[in-house]
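Asks: Structure incoming, see below.
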Amino acid sequence: MALNNAKPCILLVEPDILVRHPLAEYLRECGFRVCEALAAVEAKTLLKDANLRVDIALIDAAGNGGFALANWMRAHHPNIEIVLAGTVAKAVEKAGDLCEEGPDIKKPYDHKTILDQINRLLAARAKS
Amino acid sequence: MKPAMPRFSESTDLYLTDLQAAQRGCFEKNMLSVMSPGLKSPPASVLLVEDEILIRKNLADELREVNIRVIEAASAAEAWDYLQSGNQPDLVFSDVKMPGPYDGLELVRRIQLQFPDLKIIITSGNLGPEQRPAGVLFLPKPYRIDHAVNTAKRFLGLADGAE
């Protein structure tokens, strides 16, 4: 069966199913293709072995190797826009070097804020 | 800005206007389905429990292609967390051997105790007939994705689940 690969693809890396699933469903309803990963190791597997064309990675920074994953993506998939989310102020400062438009996603997630951020990044990418 | 949700007493026209606005703004689907009895019923939902990310992703993608809502869980414990949070899917499709504090068989035991009406499919490559719990459908691994999708559709009573 053919999947709709024309939709922008979001890679959502979040360990908590009760956070990940509602956000993934929300983004799907907004017209995105969403690939869910529990942790960095799953995200890397998807990028290496599933031949995914990911536009934006939304990564929980705090747990399961989020920062390391962001660094790895910078090195291996520089075309993927990264949005890091976190609760710890220091971690969010550190994220400034890794993600586009500044680390302005703080947990708990506000879905609309994330949608706005994704749309901004996609619009900027379309212009460039 | 989020669209205002209609009150039940408001007119259909106003409601449809709000509905369209809600769809544009990706407003909460569940609220809409409750408040719009004339619209399509929500899709069937499957809690897919599989620790192998590539299998889980491929099966989830194909289930979504046939309009089944999929909740992805990477372990039995994560699936149980989801069920304990008050969410109830129409079907649980679970691997047996998974990392974590307990496996798919323990998940089945817990579900059958607490949610006896919940449909369950379990899948495994090395589970003998004597180990298979009663009251669940067993799908041997490895399986073809289209076969798994059709099995789920049949079990859910969806029309064209026949192969």
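Going through the structure tokens in order, the chains are called A, B, and so on, while each chain numbers its residues from 1 and the ligands are numbered from 1 in the order shown.
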Would you give me, as a ChimeraX atom specification, the residues in segment 71-117 of chain B that DSSP reads as helix (DSSP H, G or I)?
Replies: /B:76-84,104-114
Asks: Can you list every residue of chain B that has an atom at most 7 Å from chain A, with its nearest atom pair and the distance in Å to one decimal, using only C-alpha atoms, ordered by chain then number, as a Markdown table?
Replies:
```
| residue | atom | partner | partner_atom | distance |
| --- | --- | --- | --- | --- |
| B:Cys26 | CA | A:Cys30 | CA | 5.6 |
| B:Ile53 | CA | A:Glu42 | CA | 6.1 |
| B:Leu54 | CA | A:Leu46 | CA | 6.9 |
| B:Ile71 | CA | A:His21 | CA | 6.4 |
| B:Ala73 | CA | A:Ile17 | CA | 6.8 |
| B:Glu78 | CA | A:Ile17 | CA | 6.7 |
| B:Tyr82 | CA | A:Leu18 | CA | 6.5 |
```
Asks: Kindly save the residues from that selection, with C-alpha atoms included, as a compact mmCIF listing (two decimals), in the first residue's frame.
Replies:
```txt
# COMPACT_ATOMS: atom_id res chain seq x y z
CA CYS B 26 -7.13 20.64 14.49
CA ILE B 53 10.48 -0.40 15.91
CA LEU B 54 10.53 -1.30 12.22
CA ILE B 71 -1.71 3.69 19.53
CA ALA B 73 3.45 1.04 22.59
CA GLU B 78 3.82 1.05 28.35
CA TYR B 82 -2.01 3.55 28.48
```
Asks: Identify, on the basis of only C-alpha atoms, every residue whose closest approach to segment 134-136 of chain B does not exceed 7 Å; exclude the query and any residue fewer than 2 positions from it along the same chain; express the result as a PyMOL selection string.
Replies: chain B and resi 120-122+132+138
Asks: Restricted to N, CA and C atoms, what would the selected residues look like written as a compact mmCIF listing (two decimals), in the first residue's frame?
Replies:
```txt
# COMPACT_ATOMS: atom_id res chain seq x y z
N ILE B 120 -8.17 -9.23 21.87
CA ILE B 120 -6.71 -9.32 21.91
C ILE B 120 -6.21 -10.26 20.81
N ILE B 121 -5.19 -9.79 20.12
CA ILE B 121 -4.40 -10.65 19.23
C ILE B 121 -2.99 -10.69 19.79
N ILE B 122 -2.44 -11.88 19.96
CA ILE B 122 -1.03 -11.96 20.34
C ILE B 122 -0.25 -12.61 19.21
N ARG B 132 -0.49 -20.71 24.81
CA ARG B 132 -1.33 -19.62 24.32
C ARG B 132 -2.53 -19.42 25.24
N PHE B 138 -4.34 -15.93 18.06
CA PHE B 138 -2.89 -16.05 17.96
C PHE B 138 -2.47 -15.91 16.50
```
Asks: Please run DSSP on the backbone and report, as a list of chain:residue names, all residues within segment 54-123 of chain B that come out as strand (DSSP E or B).
Replies: B:Arg69, B:Val70, B:Ile71, B:Glu72, B:Ala73, B:Leu91, B:Val92, B:Phe93, B:Ser94, B:Asp95, B:Lys119, B:Ile120, B:Ile121, B:Ile122, B:Thr123
Asks: With a distance cut-off of 10 Å and only C-alpha atoms, select the neighbouring residues of segment 95-98 of chain B, excluding the residue or stretch itself and same-chain residues fewer than 5 positions from it, and output the selection as a count of residues only.
Replies: 26
Asks: Which residues are close to Val54 of chain A, i.e. within 7 Å by only C-alpha atoms, leaving aside same-chain residues fewer than 3 positions away? Reply as a list in words.
Replies: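 Listed by chain and then number, they are Cys9, Ile10, Leu11 and Ile80 of chain A.
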Asks: For the atom pair atom CA of Ala152 of chain B and atom CA of Asn67 of chain B, what is the interatomic distance in Å to one decimal place?
Replies: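 So the two atoms, atom CA of Ala152 of chain B and atom CA of Asn67 of chain B, lie 12.1 Å apart.
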